[in-house]
Structures are given as C-alpha cells and as structure tokens.
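Content type mmCIF, C-alpha atoms, from the file work_34.cif:
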```
data_start
loop_
_atom_site.label_atom_id
_atom_site.label_comp_id
_atom_site.auth_asym_id
_atom_site.auth_seq_id
_atom_site.Cartn_x
_atom_site.Cartn_y
_atom_site.Cartn_z
CA MET A 1 -10.07 15.41 -7.07
CA THR A 2 -11.95 12.40 -8.44
CA GLN A 3 -9.41 9.63 -7.74
CA LEU A 4 -7.34 8.72 -4.71
CA THR A 5 -4.45 6.49 -5.82
CA GLU A 6 -0.65 6.51 -5.90
CA GLU A 7 -0.81 8.77 -8.96
CA THR A 8 -2.72 11.46 -7.03
CA PHE A 9 -1.07 10.92 -3.63
CA GLU A 10 1.37 13.85 -3.86
CA LYS A 11 -1.37 16.34 -4.63
CA THR A 12 -3.56 14.75 -1.98
CA LEU A 13 -0.83 14.94 0.65
CA GLN A 14 -0.11 18.61 0.06
CA SER A 15 -3.75 19.65 0.19
CA PHE A 16 -4.55 17.51 3.24
CA ILE A 17 -1.63 18.88 5.26
CA ARG A 18 -2.81 22.46 4.75
CA SER A 19 -6.47 21.88 5.58
CA ASP A 20 -8.46 20.75 8.61
CA GLN A 21 -10.81 18.90 6.26
CA ILE A 22 -10.07 16.08 3.87
CA ASP A 23 -12.60 16.55 1.10
CA LEU A 24 -13.40 13.28 -0.68
CA ARG A 25 -16.88 14.27 -1.82
CA ASP A 26 -16.02 14.17 -5.55
CA VAL A 27 -13.97 10.95 -5.35
CA SER A 28 -15.32 8.27 -7.68
CA PHE A 29 -12.42 5.81 -7.35
CA ILE A 30 -10.13 4.92 -4.47
CA ASP A 31 -7.70 2.01 -4.27
CA PRO A 32 -5.76 0.39 -1.38
CA TYR A 33 -2.91 2.92 -1.73
CA GLY A 34 -5.35 5.78 -1.34
CA MET A 35 -7.06 4.22 1.68
CA VAL A 36 -3.87 3.20 3.47
CA GLY A 37 -2.33 6.59 2.72
CA LEU A 38 -5.27 8.32 4.40
CA LEU A 39 -4.91 6.12 7.47
CA GLU A 40 -1.20 6.91 7.76
CA ILE A 41 -2.00 10.62 7.57
CA GLY A 42 -4.42 9.91 10.42
CA GLU A 43 -1.69 8.18 12.44
CA LEU A 44 0.51 11.28 12.11
CA CYS A 45 -2.37 13.52 13.14
CA MET A 46 -2.96 11.45 16.27
CA LEU A 47 0.71 11.77 17.24
CA GLU A 48 0.27 15.54 17.06
CA ASP A 49 -3.11 15.38 18.84
CA ILE A 50 -4.90 16.69 15.74
CA LYS A 51 -8.23 15.32 14.54
CA LYS A 52 -9.19 16.21 11.00
CA THR A 53 -12.55 15.64 9.34
CA ILE A 54 -13.05 13.46 6.28
CA LEU A 55 -15.92 14.54 4.05
CA LEU A 56 -16.91 11.17 2.62
CA PRO A 57 -17.56 10.57 -1.11
CA ARG A 58 -21.02 11.42 -2.36
CA SER A 59 -20.92 8.19 -4.36
CA GLU A 60 -22.73 5.51 -2.39
CA GLU A 61 -20.86 2.86 -4.38
CA VAL A 62 -17.52 4.26 -3.21
CA ARG A 63 -18.73 4.43 0.39
CA ARG A 64 -19.88 0.81 0.18
CA TYR A 65 -16.47 -0.14 -1.13
CA LEU A 66 -14.72 1.66 1.74
CA GLU A 67 -16.93 -0.26 4.15
CA ARG A 68 -16.24 -3.54 2.34
CA MET A 69 -12.49 -2.88 2.67
CA ASP A 70 -12.98 -2.23 6.42
CA PHE A 71 -11.52 1.26 6.01
CA PHE A 72 -13.89 2.83 8.53
CA THR A 73 -12.78 0.61 11.43
CA SER A 74 -9.38 2.31 11.48
CA ALA A 75 -10.51 5.67 10.09
CA ARG A 76 -12.88 6.31 13.01
CA ARG A 77 -9.91 6.24 15.41
CA ALA A 78 -8.10 9.06 13.65
CA PHE A 79 -10.78 11.16 11.93
CA SER A 80 -14.22 12.64 12.30
CA LEU A 81 -16.36 11.32 9.44
CA GLU A 82 -19.14 13.25 7.71
CA PRO A 83 -21.76 12.00 7.16
CA MET A 84 -21.58 9.62 10.10
CA HIS A 85 -23.78 6.98 8.47
CA VAL A 86 -22.07 4.53 6.13
CA PRO A 87 -23.89 1.86 4.12
CA SER A 88 -23.74 -1.83 4.83
CA PRO A 89 -21.23 -3.72 2.67
CA MET A 90 -24.01 -6.20 1.88
CA SER A 91 -26.16 -3.50 0.27
CA PRO A 92 -27.06 -4.08 -3.39
CA GLY A 93 -24.70 -2.64 -5.95
CA ARG A 94 -21.33 -4.06 -5.00
CA SER A 95 -19.48 -5.01 -8.17
CA SER A 96 -19.05 -8.75 -8.65
CA ASP A 97 -15.61 -7.94 -10.08
CA SER A 98 -14.38 -6.50 -6.76
CA ASP A 99 -12.48 -9.43 -5.28
CA VAL A 100 -10.76 -8.50 -2.03
CA LEU A 101 -7.68 -10.47 -1.05
CA LEU A 102 -7.23 -8.53 2.16
CA GLU A 103 -9.25 -5.77 3.77
CA ILE A 104 -7.34 -2.84 5.27
CA THR A 105 -5.46 -4.47 8.14
CA PRO A 106 -3.16 -2.97 10.81
CA ILE A 107 0.40 -4.28 11.24
CA GLU A 108 1.94 -3.80 14.67
CA ARG A 109 3.42 -7.13 15.72
CA ALA A 110 4.47 -10.52 14.36
CA ASN A 111 1.07 -12.05 15.16
CA ASP A 112 -0.52 -9.59 12.74
CA ILE A 113 1.64 -10.98 9.95
CA HIS A 114 0.47 -14.53 10.70
CA TYR A 115 -3.14 -13.36 10.48
CA ILE A 116 -2.50 -11.46 7.22
CA VAL A 117 -0.72 -14.38 5.56
CA GLY A 118 -3.44 -16.81 6.69
CA LYS A 119 -6.24 -14.62 5.37
CA VAL A 120 -4.52 -14.10 2.01
CA GLU A 121 -3.76 -17.81 1.70
CA GLU A 122 -7.47 -18.55 2.14
CA ARG A 123 -8.37 -16.32 -0.79
CA ALA A 124 -5.29 -16.58 -3.00
CA GLN A 125 -6.28 -19.76 -4.80
CA ALA A 126 -9.72 -18.44 -5.69
CA ILE A 127 -8.55 -14.99 -6.78
CA LEU A 128 -4.94 -15.29 -7.94
CA ALA A 129 -5.38 -18.62 -9.69
CA ARG A 130 -8.70 -17.76 -11.34
CA HIS A 131 -8.14 -14.12 -12.29
CA LEU A 132 -4.34 -13.83 -12.65
CA ARG A 133 -3.66 -17.43 -13.75
CA TYR A 134 -1.06 -17.90 -11.02
CA ASP A 135 0.09 -21.45 -10.36
CA SER A 136 1.03 -22.74 -6.90
CA ARG A 137 4.64 -21.60 -7.31
CA ALA A 138 3.59 -18.04 -8.15
CA ILE A 139 1.06 -17.97 -5.31
CA ASN A 140 3.70 -19.15 -2.84
CA GLY A 141 6.04 -16.42 -4.11
CA PHE A 142 3.26 -13.88 -3.63
CA ILE A 143 2.73 -14.99 -0.02
CA VAL A 144 6.47 -14.86 0.74
CA ALA A 145 6.79 -11.38 -0.79
CA LEU A 146 3.83 -10.09 1.22
CA SER A 147 5.22 -11.57 4.42
CA GLU A 148 8.63 -9.96 3.83
CA ILE A 149 7.12 -6.51 3.31
CA CYS A 150 4.99 -6.77 6.44
CA GLN A 151 7.96 -8.07 8.43
CA ASN A 152 9.93 -4.97 7.45
CA ILE A 153 7.31 -2.81 9.19
CA VAL A 154 7.47 -4.83 12.40
CA GLU A 155 11.29 -4.86 12.45
CA HIS A 156 12.21 -1.43 11.11
CA SER A 157 9.41 1.12 11.20
CA GLU A 158 9.03 1.53 14.98
CA ASN A 159 5.44 2.47 14.23
CA LYS A 160 2.11 1.04 13.14
CA GLY A 161 1.49 0.06 9.53
CA PHE A 162 -1.43 -0.91 7.32
CA VAL A 163 -1.87 -3.23 4.36
CA GLY A 164 -4.67 -3.71 1.82
CA ILE A 165 -4.93 -5.91 -1.30
CA GLN A 166 -7.53 -5.83 -4.08
CA LYS A 167 -8.05 -7.35 -7.52
CA TYR A 168 -9.21 -5.07 -10.35
CA ARG A 169 -9.93 -5.17 -14.04
CA TYR A 170 -7.44 -2.91 -15.84
CA PRO A 171 -9.33 -1.64 -18.92
CA SER A 172 -6.34 -0.20 -20.79
CA LEU A 173 -4.50 -3.52 -20.46
CA GLY A 174 -7.55 -5.69 -20.97
CA LYS A 175 -6.28 -7.73 -18.03
CA ASN A 176 -6.85 -8.29 -14.35
CA ILE A 177 -4.36 -6.86 -11.86
CA VAL A 178 -3.80 -7.09 -8.12
CA LYS A 179 -2.85 -3.99 -6.15
CA ILE A 180 -0.97 -4.31 -2.86
CA ALA A 181 -0.42 -1.27 -0.64
CA VAL A 182 1.70 -1.49 2.51
CA MET A 183 2.60 1.63 4.50
CA ASP A 184 3.88 2.84 7.83
CA ALA A 185 4.64 6.27 9.27
CA GLY A 186 7.76 5.13 11.08
CA ILE A 187 11.43 6.13 10.88
CA GLY A 188 11.83 5.47 7.14
CA PHE A 189 14.67 3.97 5.11
CA ARG A 190 17.22 6.76 5.60
CA LYS A 191 17.09 6.77 9.39
CA SER A 192 16.94 2.98 9.51
CA LEU A 193 20.15 2.63 7.49
CA SER A 194 22.01 5.72 8.70
CA GLY A 195 23.69 3.83 11.53
CA ARG A 196 25.64 1.71 9.02
CA PHE A 197 25.87 3.87 5.90
CA LYS A 198 26.65 7.45 4.95
CA LEU A 199 23.65 8.43 2.84
CA LYS A 200 23.14 11.50 0.68
CA GLY A 201 19.37 11.33 0.90
CA ASP A 202 16.18 9.29 0.95
CA LEU A 203 16.57 8.00 -2.60
CA GLU A 204 19.99 6.50 -1.93
CA ALA A 205 18.61 4.80 1.17
CA ILE A 206 15.76 3.21 -0.80
CA GLU A 207 18.19 2.11 -3.52
CA LYS A 208 20.49 0.46 -0.99
CA ALA A 209 17.61 -1.50 0.54
CA LEU A 210 15.79 -2.48 -2.64
CA LEU A 211 18.60 -2.89 -5.18
CA HIS A 212 21.49 -3.95 -2.95
CA GLY A 213 19.80 -5.75 -0.05
CA ALA A 214 21.20 -3.40 2.59
CA SER A 215 19.95 -3.66 6.18
CA ARG A 216 20.57 -1.79 9.40
CA HIS A 217 21.58 -5.15 10.89
CA GLU A 218 25.15 -6.34 10.49
CA ASP A 219 24.15 -10.01 10.75
CA GLU A 220 24.92 -11.88 7.58
CA GLY A 221 21.75 -12.96 5.83
CA ARG A 222 19.68 -10.00 7.04
CA GLY A 223 18.31 -7.36 4.69
CA HIS A 224 17.44 -9.59 1.74
CA GLY A 225 13.67 -9.34 2.20
CA LEU A 226 13.07 -6.42 -0.15
CA ALA A 227 15.53 -7.82 -2.66
CA ALA A 228 13.46 -11.03 -2.74
CA VAL A 229 10.30 -8.95 -3.22
CA ARG A 230 11.97 -7.13 -6.12
CA ARG A 231 12.94 -10.39 -7.80
CA PHE A 232 9.40 -11.74 -7.45
CA VAL A 233 7.81 -8.61 -8.87
CA GLU A 234 10.27 -8.42 -11.78
CA HIS A 235 9.80 -12.11 -12.59
CA TRP A 236 6.04 -11.64 -12.98
CA GLN A 237 6.49 -8.31 -14.79
CA GLY A 238 4.84 -6.34 -12.02
CA ARG A 239 5.27 -2.74 -10.92
CA LEU A 240 6.88 -1.84 -7.59
CA SER A 241 7.32 1.57 -6.00
CA ILE A 242 8.77 2.57 -2.64
CA ARG A 243 8.31 6.07 -1.26
CA SER A 244 10.09 7.27 1.85
CA GLY A 245 10.72 10.77 3.14
CA THR A 246 11.02 12.99 0.08
CA ALA A 247 11.82 10.37 -2.59
CA ARG A 248 10.28 7.51 -4.55
CA LEU A 249 11.98 4.69 -6.44
CA SER A 250 9.90 2.67 -8.90
CA LEU A 251 10.50 -0.45 -10.98
CA ILE A 252 8.33 0.02 -14.06
CA PRO A 253 7.55 -2.79 -16.54
CA LYS A 254 6.89 -2.20 -20.23
CA TRP A 255 3.11 -2.13 -19.81
CA ALA A 256 3.16 0.64 -17.19
CA ARG A 257 4.09 4.32 -17.15
CA GLY A 258 5.82 6.49 -14.59
CA ARG A 259 9.13 7.89 -13.43
CA GLU A 260 11.74 5.56 -11.97
CA ARG A 261 13.25 8.13 -9.60
CA GLU A 262 11.50 11.07 -7.97
CA LEU A 263 13.06 13.63 -5.64
CA ASN A 264 11.94 16.67 -3.63
CA LEU A 265 8.51 15.26 -2.81
CA GLN A 266 6.46 16.44 0.15
CA ASN A 267 8.19 15.00 3.19
CA PHE A 268 6.21 12.09 4.64
CA PRO A 269 7.70 9.78 7.27
CA GLY A 270 8.01 6.02 7.09
CA SER A 271 7.67 3.98 3.93
CA GLN A 272 4.89 3.66 1.38
CA ILE A 273 5.06 0.58 -0.84
CA ASN A 274 2.83 -0.11 -3.82
CA ILE A 275 2.89 -3.30 -5.91
CA VAL A 276 0.82 -4.01 -9.01
CA LEU A 277 0.83 -7.55 -10.39
CA PRO A 278 -0.67 -8.28 -13.82
CA GLU A 279 -2.54 -11.29 -15.09
CA ILE A 280 -0.29 -13.90 -16.69
CA PRO A 281 -0.99 -14.24 -20.43
CA SER A 282 -2.67 -17.47 -21.46
CA SER A 283 -0.34 -19.89 -23.19
#
```
Rewrite the structure of this file - the entire thing - as structure tokens.
Amino acid sequence: MTQLTEETFEKTLQSFIRSDQIDLRDVSFIDPYGMVGLLEIGELCMLEDIKKTILLPRSEEVRRYLERMDFFTSARRAFSLEPMHVPSPMSPGRSSDSDVLLEITPIERANDIHYIVGKVEERAQAILARHLRYDSRAINGFIVALSEICQNIVEHSENKGFVGIQKYRYPSLGKNIVKIAVMDAGIGFRKSLSGRFKLKGDLEAIEKALLHGASRHEDEGRGHGLAAVRRFVEHWQGRLSIRSGTARLSLIPKWARGRERELNLQNFPGSQINIVLPEIPSS
C-alpha cells in the first residue's frame, strides 16, 4: 500500500483488523482521512485493551507531514510507533504548498468546537481566499458547515472524534482543493435514528440524515445540520461522503469519480465524513 486515503480505506481497514501491526512503511501519501481513520482504529483498540504497532513510513517527508499535522500526539496514546524517533516539523523539506487549515484535533465536548472554529477562522482567509478564491460568504458557509459536522459528534456519537483539514494541489484537475475529514467511532447513524425510525440498514439511516434532515430528536428544527452541510457542498460543487457501519453514501460532482451508494462494507462503528472542496474558477 502506497497511499492512505478514503479510496484505500476499505482495504486498509480489513488488513489492519487482521494484523497486530499496521504497516505504513511503503506509504508515500497520506491525507486527513487516512490519518483520522487510523486514530479511530486506535480508539477502538483502546476500548478492547489492544495496542497495535504502527510501522511508520520510510519516507522522511511523509513522517514530517504526519508531525506537522500533529498526528503523533494522538497516535502515541493508542499505538506503539516504530521507529520511535520522528523528525521535527521545522526540518527542511516541507512543501510550501502544504497549507494546513487544521491539524488533527480531538472532538469531545462543545469547547473543542469553539477551538476548532477559531483556529480555522484564523487561517481561512489566507488559505481559502488565496488558494480557493472563496469570498467572505463562502468562507462563512465553510465555517458553519464545519461547526455543524463537529456538533453532530458531540451530540450524537457518544464517543470521541477527530477532525483534520488540509489544502492540496489536485494535478488532474489543475486546481487547488481542500480536504476535510471528520470521524468518530460512536454509535453511528442507524443506532442514533433507530429510536424514531424503522430502518432497513445503515444506508437508509445515512440517507435519512443527509437527504431528509432526520434527527433522533423530536424537537422541531433539530436535525438540519447535515442537510445544511449538503447544501453548502453542492453549491460549491464539492464532494461529500458519509460512511457508517457497513455503508457509504456519496454526493459526487462532475469533476470527481466514485460510487454514490456502497453496501456490505467492513463494519466500522460511528461515522466517517469526508468533504473535498474545489477551487472556484476565475471569472
């Protein structure tokens, strides 16, 4: 395996569950989804009192990037790391094109969301305005969408979550993109909604939440957070995927590829959300 992203997550998950070691030695590229996914695997291992070993990438550039994204702070809690030494993020060689909106950050309580939103607001103007050509309205929409997703973890997951955000250059598009990964290993969509709805499976639960604004709360006005996120992502022609349990639902724009509905995946608790936002074309 040379990449650790949403596209390789299913293969990664199956191999990691079977082995005591998580072998990343050949990995040459890892994005926020890959990092946050690893940490959620670690959270599950800790619940079962299991400590697996991560064999870190041979690539010093990738290890520097993991350090820059503050991956190791959380990883050391859940895993043994080999080799133990990791390079300083200030070491020469970090790409000037690697603009981090938010390092890997835990989400456990409402105060975490305030910190996350504040940190992203500090960097949004420099990164989103310069590289994605977002105006103040788009940036505000981005902040609201991020806050809604993080709030869902605090209110519904009953477990710890993580978020990470990074800007990249997308060679095949010839554009900049921003990747947002938000995950938890909590109760998931199906269990969250099962008190109010009869559901056939995980996919139907995701559809009810994302497409129809369903919530486990009966209060009027609740449950519209993900629907607002969907509208924001669709307006800016982004890509959105939500994985929970054994299913994934994706909203795929014309510039991206993938399957809209996926069933019979390796069971993984909680919710795994990935958003990709493209640069706005110049007028």
Problem - Residues within 12 Å of Leu102 in chain A, all atoms listed in the file, excluding chain neighbours under 3 positions, as a ChimeraX atom specification - result: /A:32,68-71,98-99,105-106,115-124,127,146,162-167,178-182
With C-alpha atoms retained, could you export that selection as a short mmCIF file (atom, residue, chain, number, x, y, z; two decimals), in the coordinates of the input?
```cif
data_model
loop_
_atom_site.label_atom_id
_atom_site.label_comp_id
_atom_site.auth_asym_id
_atom_site.auth_seq_id
_atom_site.Cartn_x
_atom_site.Cartn_y
_atom_site.Cartn_z
CA PRO A 32 -5.76 0.39 -1.38
CA ARG A 68 -16.24 -3.54 2.34
CA MET A 69 -12.49 -2.88 2.67
CA ASP A 70 -12.98 -2.23 6.42
CA PHE A 71 -11.52 1.26 6.01
CA SER A 98 -14.38 -6.50 -6.76
CA ASP A 99 -12.48 -9.43 -5.28
CA THR A 105 -5.46 -4.47 8.14
CA PRO A 106 -3.16 -2.97 10.81
CA TYR A 115 -3.14 -13.36 10.48
CA ILE A 116 -2.50 -11.46 7.22
CA VAL A 117 -0.72 -14.38 5.56
CA GLY A 118 -3.44 -16.81 6.69
CA LYS A 119 -6.24 -14.62 5.37
CA VAL A 120 -4.52 -14.10 2.01
CA GLU A 121 -3.76 -17.81 1.70
CA GLU A 122 -7.47 -18.55 2.14
CA ARG A 123 -8.37 -16.32 -0.79
CA ALA A 124 -5.29 -16.58 -3.00
CA ILE A 127 -8.55 -14.99 -6.78
CA LEU A 146 3.83 -10.09 1.22
CA PHE A 162 -1.43 -0.91 7.32
CA VAL A 163 -1.87 -3.23 4.36
CA GLY A 164 -4.67 -3.71 1.82
CA ILE A 165 -4.93 -5.91 -1.30
CA GLN A 166 -7.53 -5.83 -4.08
CA LYS A 167 -8.05 -7.35 -7.52
CA VAL A 178 -3.80 -7.09 -8.12
CA LYS A 179 -2.85 -3.99 -6.15
CA ILE A 180 -0.97 -4.31 -2.86
CA ALA A 181 -0.42 -1.27 -0.64
CA VAL A 182 1.70 -1.49 2.51
#
```
- Item | Distance query Ala126 in chain A at most 12 Å, all atoms listed in the file, self and fewer than 6 positions along chain excluded, as a ChimeraX atom specification | /A:99-101,120,132-136,139,167
Saved selection, atoms kept: C-alpha atoms, as a compact mmCIF listing (two decimals), in the coordinates of the input:
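Saved to again-v3.txt:
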```txt
# COMPACT_ATOMS: atom_id res chain seq x y z
CA ASP A 99 -12.48 -9.43 -5.28
CA VAL A 100 -10.76 -8.50 -2.03
CA LEU A 101 -7.68 -10.47 -1.05
CA VAL A 120 -4.52 -14.10 2.01
CA LEU A 132 -4.34 -13.83 -12.65
CA ARG A 133 -3.66 -17.43 -13.75
CA TYR A 134 -1.06 -17.90 -11.02
CA ASP A 135 0.09 -21.45 -10.36
CA SER A 136 1.03 -22.74 -6.90
CA ILE A 139 1.06 -17.97 -5.31
CA LYS A 167 -8.05 -7.35 -7.52
```
I'd like the neighbourhood of Ile107 in chain A as a ChimeraX atom specification, where a residue qualifies if any of its atoms comes within 6 Å (using only C-alpha atoms), though same-chain residues fewer than 3 positions away should be ignored. /A:112,160-162
For this session: Please measure the separation of CA of Cys150 in chain A and CA of Ser271 in chain A, giving the value in Å to one decimal.
Result: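 Interatomic distance here is 11.4 Å.
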Next item on the list: Taking the file as shown, find all residues satisfying the PyMOL selection byres ((chain A and resi 230-236) around 12) and write them as a PyMOL selection string.
Entry: chain A and resi 132-135+137-146+148-149+177-180+207+209-213+224-229+237-242+249-254+273-281
- request: Please provide as a list of chain:residue names all residues within 6 Å of Ser157 in chain A, with the sequence filter that same-chain residues fewer than 4 positions apart are discarded (counting only C-alpha atoms).
  value: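 Close residues of Ser157 in chain A: A:Ile153, A:Gly186, A:Ile187.
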Interatomic distance, CA of Ala205 in chain A to CA of Arg243 in chain A (Å, one decimal):
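Calculated distance between CA of Ala205 in chain A and CA of Arg243 in chain A is 10.7 Å.
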TODO: Can you turn the PyMOL selection byres ((chain A and resi 84) around 12) into a concrete residue list for this file, as number ranges by chain?
DONE: A: 53-57, 63, 72, 75-76, 79-83, 85-87
Correct to one decimal, the distance CA of Asp23 in chain A-CA of Gln272 in chain A is 21.7 Å
